[in-house]
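Trainee: For reference, this is structure33.txt, and it has compact mmCIF, C-alpha atoms.
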# COMPACT_ATOMS: atom_id res chain seq x y z
CA VAL A 138 -188.37 -70.02 109.20
CA ALA A 139 -188.53 -67.01 106.94
CA LEU A 140 -184.96 -67.60 105.80
CA GLN A 141 -185.70 -71.23 105.04
CA GLU A 142 -188.70 -70.24 102.96
CA GLU A 143 -186.65 -67.67 101.11
CA SER A 144 -183.96 -70.20 100.32
CA ALA A 145 -186.61 -72.64 99.19
CA SER A 146 -187.62 -70.13 96.51
CA MET A 147 -184.05 -69.92 95.25
CA ALA A 148 -182.86 -66.93 97.19
CA PHE A 149 -179.64 -65.67 95.73
CA THR A 150 -176.97 -63.84 97.51
CA LEU A 151 -174.29 -61.92 95.71
CA TYR A 152 -171.82 -64.49 96.95
CA SER A 153 -173.61 -67.26 95.10
CA LEU A 154 -173.53 -65.14 91.95
CA ILE A 155 -169.75 -64.78 92.28
CA GLN A 156 -169.47 -68.53 92.82
CA THR A 157 -171.54 -69.22 89.71
CA ALA A 158 -169.44 -66.83 87.66
CA ILE A 159 -166.18 -68.42 88.81
CA LEU A 160 -167.45 -71.93 88.11
CA CYS A 161 -168.74 -71.06 84.64
CA THR A 162 -165.53 -69.26 83.70
CA ASN A 163 -163.51 -72.21 84.93
CA ALA A 164 -165.65 -74.53 82.84
CA VAL A 165 -165.01 -72.51 79.69
CA ALA A 166 -161.31 -72.15 80.41
CA VAL A 167 -160.80 -75.91 80.82
CA LEU A 168 -161.85 -76.73 77.25
CA HIS A 169 -158.64 -77.88 75.64
CA GLU A 170 -157.93 -76.73 72.13
CA GLU A 171 -156.45 -79.76 70.40
CA ARG A 172 -157.72 -82.57 72.58
CA PHE A 173 -161.33 -81.60 72.59
CA LEU A 174 -162.44 -78.66 70.53
CA SER A 175 -160.85 -79.73 67.27
CA LYS A 176 -162.27 -83.21 67.66
CA ILE A 177 -165.82 -81.94 67.74
CA GLY A 178 -165.29 -79.42 65.01
CA TRP A 179 -165.09 -76.37 67.23
CA GLY A 180 -161.44 -75.60 66.70
CA VAL A 181 -159.99 -72.18 66.09
CA ASP A 182 -159.44 -72.76 62.41
CA GLN A 183 -162.93 -74.11 61.86
CA GLY A 184 -164.70 -71.08 63.18
CA VAL A 185 -164.09 -68.42 60.60
CA GLY A 186 -166.23 -69.59 57.71
CA GLY A 187 -167.33 -66.70 55.57
CA PHE A 188 -165.85 -63.24 55.70
CA GLY A 189 -169.17 -61.51 55.32
CA ASP A 190 -170.23 -58.86 57.75
CA ASP A 191 -172.19 -61.30 59.93
CA PRO A 192 -170.12 -64.25 61.14
CA GLY A 193 -173.00 -66.43 62.33
CA VAL A 194 -173.81 -67.96 65.68
CA LYS A 195 -171.23 -70.78 65.67
CA ALA A 196 -168.35 -68.48 64.78
CA GLN A 197 -169.37 -66.08 67.52
CA ILE A 198 -169.48 -68.88 70.09
CA LEU A 199 -166.06 -70.15 69.06
CA ASN A 200 -164.70 -66.62 69.18
CA LEU A 201 -166.13 -66.15 72.63
CA ILE A 202 -164.64 -69.41 73.93
CA ARG A 203 -161.25 -68.61 72.48
CA SER A 204 -161.19 -65.08 73.88
CA VAL A 205 -162.36 -66.19 77.32
CA ARG A 206 -159.60 -68.77 77.41
CA THR A 207 -156.98 -66.25 76.36
CA VAL A 208 -158.04 -63.36 78.54
CA MET A 209 -159.13 -65.09 81.72
CA ARG A 210 -156.31 -67.61 82.06
CA VAL A 211 -154.12 -65.60 84.43
CA PRO A 212 -156.90 -63.92 86.46
CA LEU A 213 -158.51 -67.31 86.93
CA ILE A 214 -155.30 -68.70 88.39
CA ILE A 215 -155.26 -65.89 90.91
CA VAL A 216 -158.96 -66.09 91.76
CA ASN A 217 -158.93 -69.87 92.08
CA SER A 218 -155.93 -69.83 94.39
CA ALA A 219 -157.61 -67.19 96.54
CA CYS A 220 -160.80 -69.29 96.66
CA ILE A 221 -158.87 -72.40 97.66
CA VAL A 222 -157.06 -70.58 100.44
CA LEU A 223 -160.27 -68.98 101.72
CA LEU A 224 -162.19 -72.25 101.66
CA LEU A 225 -159.42 -74.01 103.50
CA LEU A 226 -159.29 -71.34 106.15
CA PHE A 227 -162.98 -70.64 106.61
CA GLY A 228 -164.73 -73.77 105.41
CA MET B 8 -203.86 -47.09 91.07
CA ASP B 9 -203.30 -44.07 93.27
CA LEU B 10 -200.96 -45.65 95.75
CA PRO B 11 -197.99 -46.40 93.48
CA HIS B 12 -198.05 -42.82 92.18
CA HIS B 13 -198.15 -41.47 95.72
CA GLY B 14 -195.05 -43.45 96.51
CA TYR B 15 -193.28 -42.07 93.47
CA ARG B 16 -194.24 -38.48 94.08
CA ALA B 17 -193.04 -38.63 97.66
CA SER B 18 -189.70 -40.08 96.79
CA LYS B 19 -189.34 -37.67 93.90
CA GLN B 20 -189.80 -34.72 96.25
CA ARG B 21 -187.21 -36.12 98.59
CA GLY B 22 -184.88 -36.40 95.65
CA ARG B 23 -185.49 -32.77 94.68
CA ALA B 24 -184.98 -31.48 98.21
CA ALA B 25 -181.68 -33.25 98.53
CA HIS B 26 -180.30 -31.86 95.28
CA PRO B 27 -179.12 -28.30 96.20
CA THR B 28 -177.10 -29.53 99.16
CA GLY B 29 -176.26 -32.72 97.36
CA ASP B 30 -172.81 -34.10 97.83
CA SER B 31 -173.12 -37.14 95.62
CA VAL B 32 -170.47 -37.25 92.97
CA LEU B 33 -172.74 -37.23 89.94
CA PHE B 34 -174.69 -34.09 90.68
CA GLU B 35 -171.82 -32.07 92.05
CA ASP B 36 -169.92 -32.60 88.83
CA THR B 37 -172.65 -31.08 86.73
CA SER B 38 -173.09 -27.91 88.75
CA SER B 39 -169.43 -27.11 89.26
CA ALA B 40 -168.29 -27.74 85.72
CA ALA B 41 -171.33 -26.20 84.07
CA PRO B 42 -169.78 -23.32 82.09
CA ALA B 43 -166.77 -25.24 80.79
CA MET B 44 -168.02 -28.72 80.04
CA ASN B 45 -170.10 -29.46 77.03
CA ASN B 46 -172.17 -32.41 78.16
CA GLN B 47 -172.68 -33.51 74.60
CA GLY B 48 -176.13 -32.04 74.50
CA TYR B 49 -177.45 -34.24 77.25
CA TYR B 50 -178.43 -31.33 79.52
CA THR B 51 -180.32 -28.17 78.71
CA PRO B 52 -178.57 -24.98 79.90
CA GLY B 53 -181.35 -24.10 82.37
CA TYR B 54 -180.54 -27.12 84.47
CA ASN B 55 -176.84 -26.22 84.66
CA MET B 56 -177.50 -22.60 85.69
CA GLU B 57 -179.70 -23.64 88.57
CA GLY B 58 -177.05 -26.05 89.82
CA THR B 59 -174.30 -23.40 89.73
CA SER B 60 -176.22 -20.71 91.62
CA ASN B 61 -177.26 -23.16 94.33
CA ASP B 62 -173.66 -24.22 94.80
CA MET B 63 -172.44 -20.60 95.16
CA GLN B 64 -175.10 -19.74 97.73
CA GLY B 65 -174.16 -22.78 99.77
CA ASP B 66 -170.48 -21.81 99.82
CA ALA B 67 -171.13 -18.18 100.87
CA GLY B 68 -173.35 -19.26 103.78
CA VAL B 69 -170.78 -21.68 105.19
CA ASN B 70 -167.85 -19.29 104.92
CA ASN B 71 -169.50 -16.56 107.01
CA LEU B 72 -169.65 -18.81 110.05
CA PHE B 73 -165.89 -19.24 110.39
CA THR B 74 -164.19 -15.90 111.19
CA ASP B 75 -161.41 -17.54 113.23
CA PRO B 76 -158.32 -17.73 110.94
CA MET B 77 -157.18 -21.09 112.32
CA ALA B 78 -160.55 -22.64 111.66
CA ASN B 79 -160.56 -20.99 108.25
CA ALA B 80 -157.17 -22.46 107.34
CA ALA B 81 -158.19 -25.86 108.65
CA MET B 82 -161.40 -25.73 106.69
CA MET B 83 -159.63 -24.79 103.48
CA TYR B 84 -157.12 -27.59 103.99
CA GLY B 85 -159.96 -29.99 104.64
CA SER B 86 -161.82 -28.88 101.56
CA SER B 87 -158.71 -29.25 99.40
CA LEU B 88 -158.29 -32.78 100.78
CA ALA B 89 -161.91 -33.49 100.01
CA ASN B 90 -161.42 -32.20 96.48
CA GLN B 91 -158.43 -34.46 96.00
CA GLY B 92 -160.41 -37.38 97.29
CA LYS B 93 -163.29 -36.51 95.02
CA ASP B 94 -161.00 -36.30 92.00
CA MET B 95 -159.48 -39.64 92.81
CA VAL B 96 -162.87 -41.28 93.24
CA ASN B 97 -164.03 -39.74 89.96
CA LYS B 98 -161.00 -41.07 88.16
CA GLU B 99 -161.50 -44.55 89.52
CA ILE B 100 -165.20 -44.63 88.75
CA SER B 101 -164.76 -43.28 85.25
CA ARG B 102 -162.46 -46.16 84.51
CA PHE B 103 -165.34 -48.58 84.94
CA MET B 104 -168.27 -46.70 83.56
CA SER B 105 -168.68 -43.41 81.83
CA VAL B 106 -170.32 -41.02 84.27
CA ASN B 107 -171.71 -38.85 81.46
CA LYS B 108 -173.64 -41.74 80.07
CA LEU B 109 -175.03 -42.46 83.51
CA LYS B 110 -176.12 -38.83 83.98
CA TYR B 111 -178.12 -39.06 80.78
CA PHE B 112 -180.31 -41.70 82.34
CA PHE B 113 -181.15 -39.65 85.40
CA ALA B 114 -182.15 -36.49 83.54
CA VAL B 115 -185.85 -36.84 84.22
CA ASP B 116 -188.62 -34.60 85.38
CA THR B 117 -192.00 -35.15 86.95
CA ARG B 118 -193.95 -35.00 83.73
CA TYR B 119 -191.77 -37.68 82.16
CA VAL B 120 -192.05 -39.94 85.20
CA LEU B 121 -195.82 -39.71 85.28
CA LYS B 122 -196.19 -40.35 81.58
CA LYS B 123 -193.78 -43.24 81.69
CA LEU B 124 -195.61 -44.87 84.59
CA MET B 125 -198.86 -44.49 82.67
CA ILE B 126 -197.29 -46.13 79.63
CA LEU B 127 -195.88 -48.96 81.72
CA MET B 128 -199.25 -49.76 83.20
CA PHE B 129 -201.35 -49.12 80.09
CA PRO B 130 -199.25 -49.21 76.93
CA TYR B 131 -202.02 -50.02 74.52
CA THR B 132 -202.93 -46.45 73.59
CA HIS B 133 -199.39 -45.16 73.09
CA GLN B 134 -198.84 -44.51 69.41
CA ASP B 135 -195.31 -43.53 68.66
CA TRP B 136 -192.60 -45.78 70.10
CA GLU B 137 -189.64 -44.36 68.22
CA VAL B 138 -186.79 -42.96 70.30
CA ARG B 139 -186.14 -39.52 68.89
CA TYR B 140 -182.61 -38.35 68.17
CA HIS B 141 -181.09 -34.91 68.08
CA ARG B 142 -178.08 -34.68 65.82
CA ASP B 143 -177.01 -38.26 66.37
CA THR B 144 -177.32 -38.36 70.15
CA PRO B 145 -180.41 -39.73 71.80
CA LEU B 146 -182.63 -37.18 73.47
CA THR B 147 -182.71 -37.07 77.23
CA PRO B 148 -185.74 -38.57 78.94
CA ARG B 149 -186.89 -35.02 79.68
CA GLN B 150 -187.58 -34.37 76.03
CA ASP B 151 -188.58 -37.79 74.79
CA VAL B 152 -191.01 -40.04 76.55
CA ASN B 153 -189.73 -43.14 74.78
CA ALA B 154 -186.16 -42.83 76.02
CA PRO B 155 -185.19 -45.33 78.72
CA ASP B 156 -184.16 -43.93 82.05
CA LEU B 157 -182.65 -45.35 85.19
CA TYR B 158 -184.55 -43.23 87.69
CA ILE B 159 -187.77 -45.21 87.57
CA PRO B 160 -186.07 -48.62 87.84
CA THR B 161 -183.92 -47.50 90.77
CA MET B 162 -186.81 -46.01 92.68
CA ALA B 163 -189.02 -48.97 91.84
CA PHE B 164 -186.37 -51.39 93.07
CA ILE B 165 -186.01 -49.61 96.40
CA THR B 166 -189.78 -49.30 96.76
CA TYR B 167 -190.12 -53.00 96.00
CA ILE B 168 -187.69 -53.92 98.76
CA LEU B 169 -189.49 -51.69 101.26
CA LEU B 170 -192.84 -53.11 100.16
CA ALA B 171 -191.52 -56.65 100.55
CA GLY B 172 -190.44 -55.84 104.08
CA MET B 173 -193.86 -54.36 104.81
CA ALA B 174 -195.67 -57.36 103.32
CA LEU B 175 -193.62 -59.77 105.38
CA GLY B 176 -194.18 -57.65 108.44
CA ILE B 177 -197.93 -57.76 107.94
CA GLN B 178 -197.74 -61.52 107.88
CA LYS B 179 -195.44 -61.51 110.91
CA ARG B 180 -192.66 -63.17 108.97
CA PHE B 181 -190.28 -60.27 109.09
CA SER B 182 -186.69 -60.29 110.23
CA PRO B 183 -183.93 -57.91 109.12
CA GLU B 184 -181.98 -60.57 107.25
CA VAL B 185 -184.95 -61.26 105.01
CA LEU B 186 -184.83 -57.70 103.68
CA GLY B 187 -181.22 -58.03 102.64
CA LEU B 188 -181.90 -61.43 101.14
CA CYS B 189 -184.82 -60.09 99.12
CA ALA B 190 -182.73 -57.19 97.88
CA SER B 191 -179.83 -59.32 96.79
CA THR B 192 -182.11 -61.89 95.15
CA ALA B 193 -183.78 -59.23 93.04
CA LEU B 194 -180.42 -57.67 92.20
CA VAL B 195 -178.99 -61.03 91.14
CA TRP B 196 -181.96 -61.69 88.88
CA ILE B 197 -181.44 -58.34 87.19
CA ILE B 198 -177.75 -59.12 86.68
CA ILE B 199 -178.54 -62.56 85.27
CA GLU B 200 -181.13 -61.19 82.89
CA VAL B 201 -178.87 -58.40 81.65
CA LEU B 202 -175.99 -60.84 81.13
CA VAL B 203 -178.18 -63.28 79.21
CA MET B 204 -179.50 -60.44 77.04
CA LEU B 205 -175.98 -59.17 76.35
CA LEU B 206 -174.77 -62.66 75.53
CA SER B 207 -177.61 -63.36 73.13
CA LEU B 208 -177.26 -59.98 71.44
CA TYR B 209 -173.53 -60.61 71.00
CA LEU B 210 -173.98 -64.14 69.68
CA LEU B 211 -176.48 -63.11 67.08
CA THR B 212 -174.40 -60.08 66.08
CA VAL B 213 -177.27 -57.71 66.48
CA HIS B 214 -175.77 -54.31 65.78
CA SER B 215 -178.15 -52.30 67.85
CA ASP B 216 -177.40 -49.26 69.94
CA LEU B 217 -178.61 -50.92 73.12
CA SER B 218 -175.96 -50.23 75.71
CA THR B 219 -175.66 -52.07 79.01
CA PHE B 220 -177.46 -49.26 80.82
CA ASP B 221 -180.35 -49.45 78.38
CA LEU B 222 -180.73 -53.13 79.14
CA ILE B 223 -180.57 -52.47 82.86
CA ALA B 224 -183.26 -49.83 82.41
CA TYR B 225 -185.56 -52.14 80.46
CA SER B 226 -185.03 -54.92 82.99
CA GLY B 227 -185.79 -52.56 85.83
CA TYR B 228 -189.15 -51.51 84.46
CA LYS B 229 -190.65 -54.77 85.65
CA TYR B 230 -190.37 -53.58 89.24
CA VAL B 231 -193.18 -51.13 88.61
CA GLY B 232 -195.42 -54.03 87.66
CA MET B 233 -194.21 -55.97 90.69
CA ILE B 234 -195.07 -53.16 93.07
CA PHE B 235 -198.55 -52.84 91.59
CA THR B 236 -199.05 -56.61 91.84
CA VAL B 237 -197.89 -56.86 95.44
CA LEU B 238 -200.06 -53.91 96.47
CA CYS B 239 -203.15 -55.43 94.89
CA GLY B 240 -202.30 -58.73 96.51
CA LEU B 241 -202.06 -57.12 99.91
CA LEU B 242 -205.20 -55.06 99.52
CA PHE B 243 -207.50 -57.52 97.76
CA GLY B 244 -206.14 -60.92 98.76
CA SER B 245 -205.19 -63.77 96.52
CA ASP B 246 -207.74 -63.02 93.77
CA GLY B 247 -206.60 -59.44 93.48
CA TYR B 248 -203.02 -60.68 93.29
CA PHE B 249 -203.66 -62.90 90.29
CA VAL B 250 -205.73 -60.30 88.48
CA ALA B 251 -203.04 -57.68 89.00
CA LEU B 252 -200.39 -60.20 87.97
CA ALA B 253 -202.20 -60.91 84.70
CA TRP B 254 -202.76 -57.21 84.01
CA SER B 255 -199.23 -56.07 84.68
CA SER B 256 -197.75 -59.07 82.85
CA CYS B 257 -199.69 -58.26 79.69
CA ALA B 258 -198.90 -54.57 79.93
CA LEU B 259 -195.22 -55.23 80.55
CA MET B 260 -194.96 -57.81 77.75
CA PHE B 261 -196.56 -55.38 75.31
CA PHE B 262 -194.26 -52.59 76.46
CA ILE B 263 -191.10 -54.68 76.17
CA VAL B 264 -191.98 -56.09 72.76
CA ARG B 265 -192.85 -52.68 71.31
CA SER B 266 -189.77 -50.99 72.78
CA LEU B 267 -187.25 -53.66 71.88
CA LYS B 268 -188.73 -54.23 68.45
CA MET B 269 -187.62 -50.75 67.47
CA LYS B 270 -184.09 -51.38 68.64
CA ILE B 271 -183.38 -54.98 67.70
CA LEU B 272 -185.40 -55.78 64.63
CA PRO B 273 -185.08 -52.89 62.15
CA SER B 274 -181.45 -53.61 61.43
CA LEU B 275 -182.48 -56.63 59.42
CA SER B 276 -183.16 -54.49 56.40
CA SER B 277 -179.53 -53.36 56.31
CA ASP B 278 -177.83 -56.77 56.29
CA SER B 279 -179.54 -58.53 53.43
CA MET B 280 -176.97 -61.20 52.72
CA GLY B 281 -179.00 -63.91 51.11
CA MET B 282 -177.15 -66.74 52.91
CA GLY B 283 -177.98 -66.81 56.59
CA SER B 284 -180.46 -64.01 56.77
CA SER B 285 -183.40 -66.38 56.76
CA ALA B 286 -182.38 -67.55 60.21
CA LYS B 287 -181.60 -64.10 61.53
CA PRO B 288 -184.99 -62.37 61.67
CA GLN B 289 -186.50 -65.36 63.41
CA LEU B 290 -183.73 -65.50 66.00
CA ARG B 291 -184.06 -61.81 66.72
CA LEU B 292 -187.79 -62.21 67.09
CA TYR B 293 -187.15 -65.11 69.45
CA ILE B 294 -184.95 -62.93 71.61
CA THR B 295 -187.58 -60.23 71.86
CA VAL B 296 -190.37 -62.68 72.60
CA ALA B 297 -188.24 -64.62 75.09
CA THR B 298 -187.42 -61.42 76.95
CA ALA B 299 -191.08 -60.53 77.07
CA VAL B 300 -192.15 -63.97 78.28
CA PHE B 301 -189.45 -63.97 80.94
CA GLN B 302 -190.97 -60.92 82.63
CA PRO B 303 -194.19 -62.49 83.98
CA VAL B 304 -192.24 -65.53 85.11
CA ILE B 305 -189.86 -63.47 87.15
CA ILE B 306 -192.63 -61.25 88.50
CA TYR B 307 -194.45 -64.31 89.76
CA TRP B 308 -191.25 -65.82 91.12
CA LEU B 309 -190.26 -62.77 93.10
CA THR B 310 -193.65 -61.81 94.48
CA SER B 311 -195.56 -65.01 95.13
CA HIS B 312 -193.86 -65.67 98.43
CA LEU B 313 -194.89 -62.21 99.62
CA VAL B 314 -198.60 -62.74 99.10
CA ARG B 315 -199.65 -65.97 100.67
Show how you would write the structure in this file as structure tokens.
Mentor:
Amino acid sequence: VALQEESASMAFTLYSLIQTAILCTNAVAVLHEERFLSKIGWGVDQGVGGFGDDPGVKAQILNLIRSVRTVMRVPLIIVNSACIVLLLLFG
Amino acid sequence: MDLPHHGYRASKQRGRAAHPTGDSVLFEDTSSAAPAMNNQGYYTPGYNMEGTSNDMQGDAGVNNLFTDPMANAAMMYGSSLANQGKDMVNKEISRFMSVNKLKYFFAVDTRYVLKKLMILMFPYTHQDWEVRYHRDTPLTPRQDVNAPDLYIPTMAFITYILLAGMALGIQKRFSPEVLGLCASTALVWIIIEVLVMLLSLYLLTVHSDLSTFDLIAYSGYKYVGMIFTVLCGLLFGSDGYFVALAWSSCALMFFIVRSLKMKILPSLSSDSMGMGSSAKPQLRLYITVATAVFQPVIIYWLTSHLVR
């Protein structure tokens, strides 16, 4: 009963945090450059507006998306494959 | 108001008693490398001397027990293995986080802890919120009451988990899994809050000197308020809980706003580019206020199920 009440108040385990992180990173990594981001004006070439010392919020977001896609591509392949195998084995 | 301080004093004494024989990596490093290493001004020399002499006394006492040469050789081999293991662990850990920076946050003493707890519970009379520097490095919490530390948040976190177990036990809802669940829930909320803060500071290009550990420290200060709230809820029932919740929420919001204002907002005088700067000060203010408002919400969220 206590466990049910705890989970009713959004009890987090560390495992659910890892799941959330993997899902969010996957979501960012799936954004395709030319099919999607350029169409809505978030392409790589549209980010760098002024060369002042403060790029602005939009440029920072675009930078972040681009760097996540570049850096996390290979680790995400590994982590996702491991997750698939584990979920198949242990449900 | 006495009970939270009692808890802190007791755990502080335990911490002090464990230090001379301490075999945790952080403290052993300081005492053994005291003469050679310049800890970038984070430690006063008195602290290092005490650590070294304690270490030497411990070694002399152990060596006198083993007069048998075989046991002596075995012990020296074992200690060399242990040293190798310790070096390897140090190398691995220092790849992820700088241990020196972590030691800075635990350089506290009793006077600092008491004053900081007073400020956390009643910040309205504290005048000077500036973090003082000493030749470009921030002063240790020993010398500056405004410096953030990680000792209070860590102890408060552990005390909160124990208190949650006790509260559930009083209401006969206790089981060992609940304790672990409570601990990991609180830990996950800290991680989420620190990540959101880091993300928003990065997106708005706030060039402050708030490191990750500083943010963890400021997020951990809410546990002091939570402990006070849960105690009042247990002692005085539901009314006492809400009164204590209101009091500690206001105190914590004031504390967070005054502390973060110094770090986040003053840099707006340096970047006066006429173009986007009209949006910047407001966004930085929003971050500070949002952080402050988030504290009561999370305090209520994490403690309401303990005080029915």
Trainee: Between CA of Tyr228 in chain B and CA of Ile159 in chain A, what is the distance, to one decimal in Å?
Mentor: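 Calculated distance between CA of Tyr228 in chain B and CA of Ile159 in chain A is 28.9 Å.
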Trainee: Could the residues of chain B within 7 Å of chain A, counting only C-alpha atoms, be given as JSON, numbers by chain, please?
Mentor: {"B": [180, 185, 188, 191, 192, 195, 210, 211, 212]}
Trainee: Excluding same-chain residues fewer than 4 positions from Asp246 in chain B, what lies within 12 Å of it counting only C-alpha atoms, as a list in words?
Mentor: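 Skipping anything fewer than 4 positions along the chain leaves Thr236, Val237, Cys239, Gly240, Leu241, Leu242, Val250, Ala251, Leu252, Ala253, Val314 and Arg315 of chain B.
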Trainee: Keeping only C-alpha atoms, take the residues you just selected and write them out as a PDB file, in the frame of the given file.
Mentor:
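Result went into out10.pdb, see below:
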ATOM      1  CA  THR B 236    -199.050 -56.610  91.840  1.00  0.00           C
ATOM      2  CA  VAL B 237    -197.890 -56.860  95.440  1.00  0.00           C
ATOM      3  CA  CYS B 239    -203.150 -55.430  94.890  1.00  0.00           C
ATOM      4  CA  GLY B 240    -202.300 -58.730  96.510  1.00  0.00           C
ATOM      5  CA  LEU B 241    -202.060 -57.120  99.910  1.00  0.00           C
ATOM      6  CA  LEU B 242    -205.200 -55.060  99.520  1.00  0.00           C
ATOM      7  CA  VAL B 250    -205.730 -60.300  88.480  1.00  0.00           C
ATOM      8  CA  ALA B 251    -203.040 -57.680  89.000  1.00  0.00           C
ATOM      9  CA  LEU B 252    -200.390 -60.200  87.970  1.00  0.00           C
ATOM     10  CA  ALA B 253    -202.200 -60.910  84.700  1.00  0.00           C
ATOM     11  CA  VAL B 314    -198.600 -62.740  99.100  1.00  0.00           C
ATOM     12  CA  ARG B 315    -199.650 -65.970 100.670  1.00  0.00           C
TER      13      ARG B 315
END
Trainee: Between CA of Ile177 in chain B and CA of Ile305 in chain B, what is the spacing in Å?
Mentor: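 It comes out at 23.0 Å.
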Trainee: What separation in Å, quoted to one decimal, exists between CA of Leu217 in chain B and CA of Leu205 in chain B?
Mentor: 9.2 Å
Trainee: Identify, on the basis of all atoms listed in the file, every residue whose closest approach to Leu272 in chain B does not exceed 8 Å; exclude the query and any residue fewer than 4 positions from it along the same chain; express the result as an MDAnalysis selection string.
Mentor: chainID B and resid 267:268 288 291:292
Trainee: Extract, using only C-alpha atoms, all DNA, RNA and protein residues at most 7 Å from Val264 in chain B, discarding same-chain residues fewer than 5 positions from it, and format them as number ranges by chain.
Mentor: B: 295-296, 299
Trainee: How big is the axis-aligned box, and where does its centre sit, when it encloses all atoms of range 167-180 of chain A listed in the file and has 6 Å added on every side, reported in Å to one decimal as lines of an AutoDock Vina configuration file?
Mentor:
center_x = -161.1
center_y = -79.4
center_z = 72.9
size_x = 21.4
size_y = 19.6
size_z = 27.8
Trainee: Within 8 Å of (-161.9, -68.9, 90.6) in the file's own coordinates, which protein, DNA or RNA residues have an atom, counting only C-alpha atoms? List them as an MDAnalysis selection string.
Mentor: chainID A and resid 156 159:160 162:163 213:220
Trainee: Distance cut-off 12 Å, centre (-165.4, -73.4, 81.1) in file coordinates, counting only C-alpha atoms: which residues qualify? Return them as number ranges by chain.
Mentor: A: 157-169, 201-206, 209-210, 213
Trainee: Taking C-alpha atoms for each residue, export the selection above as a PDB file, in the coordinates of the input.
Mentor:
ATOM      1  CA  THR A 157    -171.540 -69.220  89.710  1.00  0.00           C
ATOM      2  CA  ALA A 158    -169.440 -66.830  87.660  1.00  0.00           C
ATOM      3  CA  ILE A 159    -166.180 -68.420  88.810  1.00  0.00           C
ATOM      4  CA  LEU A 160    -167.450 -71.930  88.110  1.00  0.00           C
ATOM      5  CA  CYS A 161    -168.740 -71.060  84.640  1.00  0.00           C
ATOM      6  CA  THR A 162    -165.530 -69.260  83.700  1.00  0.00           C
ATOM      7  CA  ASN A 163    -163.510 -72.210  84.930  1.00  0.00           C
ATOM      8  CA  ALA A 164    -165.650 -74.530  82.840  1.00  0.00           C
ATOM      9  CA  VAL A 165    -165.010 -72.510  79.690  1.00  0.00           C
ATOM     10  CA  ALA A 166    -161.310 -72.150  80.410  1.00  0.00           C
ATOM     11  CA  VAL A 167    -160.800 -75.910  80.820  1.00  0.00           C
ATOM     12  CA  LEU A 168    -161.850 -76.730  77.250  1.00  0.00           C
ATOM     13  CA  HIS A 169    -158.640 -77.880  75.640  1.00  0.00           C
ATOM     14  CA  LEU A 201    -166.130 -66.150  72.630  1.00  0.00           C
ATOM     15  CA  ILE A 202    -164.640 -69.410  73.930  1.00  0.00           C
ATOM     16  CA  ARG A 203    -161.250 -68.610  72.480  1.00  0.00           C
ATOM     17  CA  SER A 204    -161.190 -65.080  73.880  1.00  0.00           C
ATOM     18  CA  VAL A 205    -162.360 -66.190  77.320  1.00  0.00           C
ATOM     19  CA  ARG A 206    -159.600 -68.770  77.410  1.00  0.00           C
ATOM     20  CA  MET A 209    -159.130 -65.090  81.720  1.00  0.00           C
ATOM     21  CA  ARG A 210    -156.310 -67.610  82.060  1.00  0.00           C
ATOM     22  CA  LEU A 213    -158.510 -67.310  86.930  1.00  0.00           C
TER      23      LEU A 213
END
Trainee: Model the absent atoms of range 77-87 of chain B so that N, CA and C atoms are present, and write the result as an mmCIF file, in the coordinates of the input.
Mentor:
data_model
loop_
_atom_site.group_PDB
_atom_site.id
_atom_site.type_symbol
_atom_site.label_atom_id
_atom_site.label_comp_id
_atom_site.auth_asym_id
_atom_site.auth_seq_id
_atom_site.Cartn_x
_atom_site.Cartn_y
_atom_site.Cartn_z
ATOM 1 N N MET B 77 -157.616 -19.701 112.216
ATOM 2 C CA MET B 77 -157.180 -21.090 112.320
ATOM 3 C C MET B 77 -158.233 -22.026 111.727
ATOM 4 N N ALA B 78 -159.471 -21.783 112.150
ATOM 5 C CA ALA B 78 -160.550 -22.640 111.660
ATOM 6 C C ALA B 78 -160.695 -22.480 110.147
ATOM 7 N N ASN B 79 -160.483 -21.237 109.686
ATOM 8 C CA ASN B 79 -160.560 -20.990 108.250
ATOM 9 C C ASN B 79 -159.511 -21.795 107.493
ATOM 10 N N ALA B 80 -158.244 -21.729 108.021
ATOM 11 C CA ALA B 80 -157.170 -22.460 107.340
ATOM 12 C C ALA B 80 -157.453 -23.950 107.371
ATOM 13 N N ALA B 81 -157.903 -24.426 108.538
ATOM 14 C CA ALA B 81 -158.190 -25.860 108.650
ATOM 15 C C ALA B 81 -159.288 -26.260 107.684
ATOM 16 N N MET B 82 -160.291 -25.380 107.573
ATOM 17 C CA MET B 82 -161.400 -25.730 106.690
ATOM 18 C C MET B 82 -160.952 -25.748 105.237
ATOM 19 N N MET B 83 -160.070 -24.797 104.886
ATOM 20 C CA MET B 83 -159.630 -24.790 103.480
ATOM 21 C C MET B 83 -158.769 -26.008 103.200
ATOM 22 N N TYR B 84 -157.930 -26.380 104.177
ATOM 23 C CA TYR B 84 -157.120 -27.590 103.990
ATOM 24 C C TYR B 84 -158.020 -28.808 103.839
ATOM 25 N N GLY B 85 -159.050 -28.851 104.720
ATOM 26 C CA GLY B 85 -159.960 -29.990 104.640
ATOM 27 C C GLY B 85 -160.680 -30.041 103.317
ATOM 28 N N SER B 86 -161.080 -28.858 102.818
ATOM 29 C CA SER B 86 -161.820 -28.880 101.560
ATOM 30 C C SER B 86 -160.901 -29.235 100.402
ATOM 31 N N SER B 87 -159.606 -28.853 100.502
ATOM 32 C CA SER B 87 -158.710 -29.250 99.400
ATOM 33 C C SER B 87 -158.484 -30.753 99.428
#
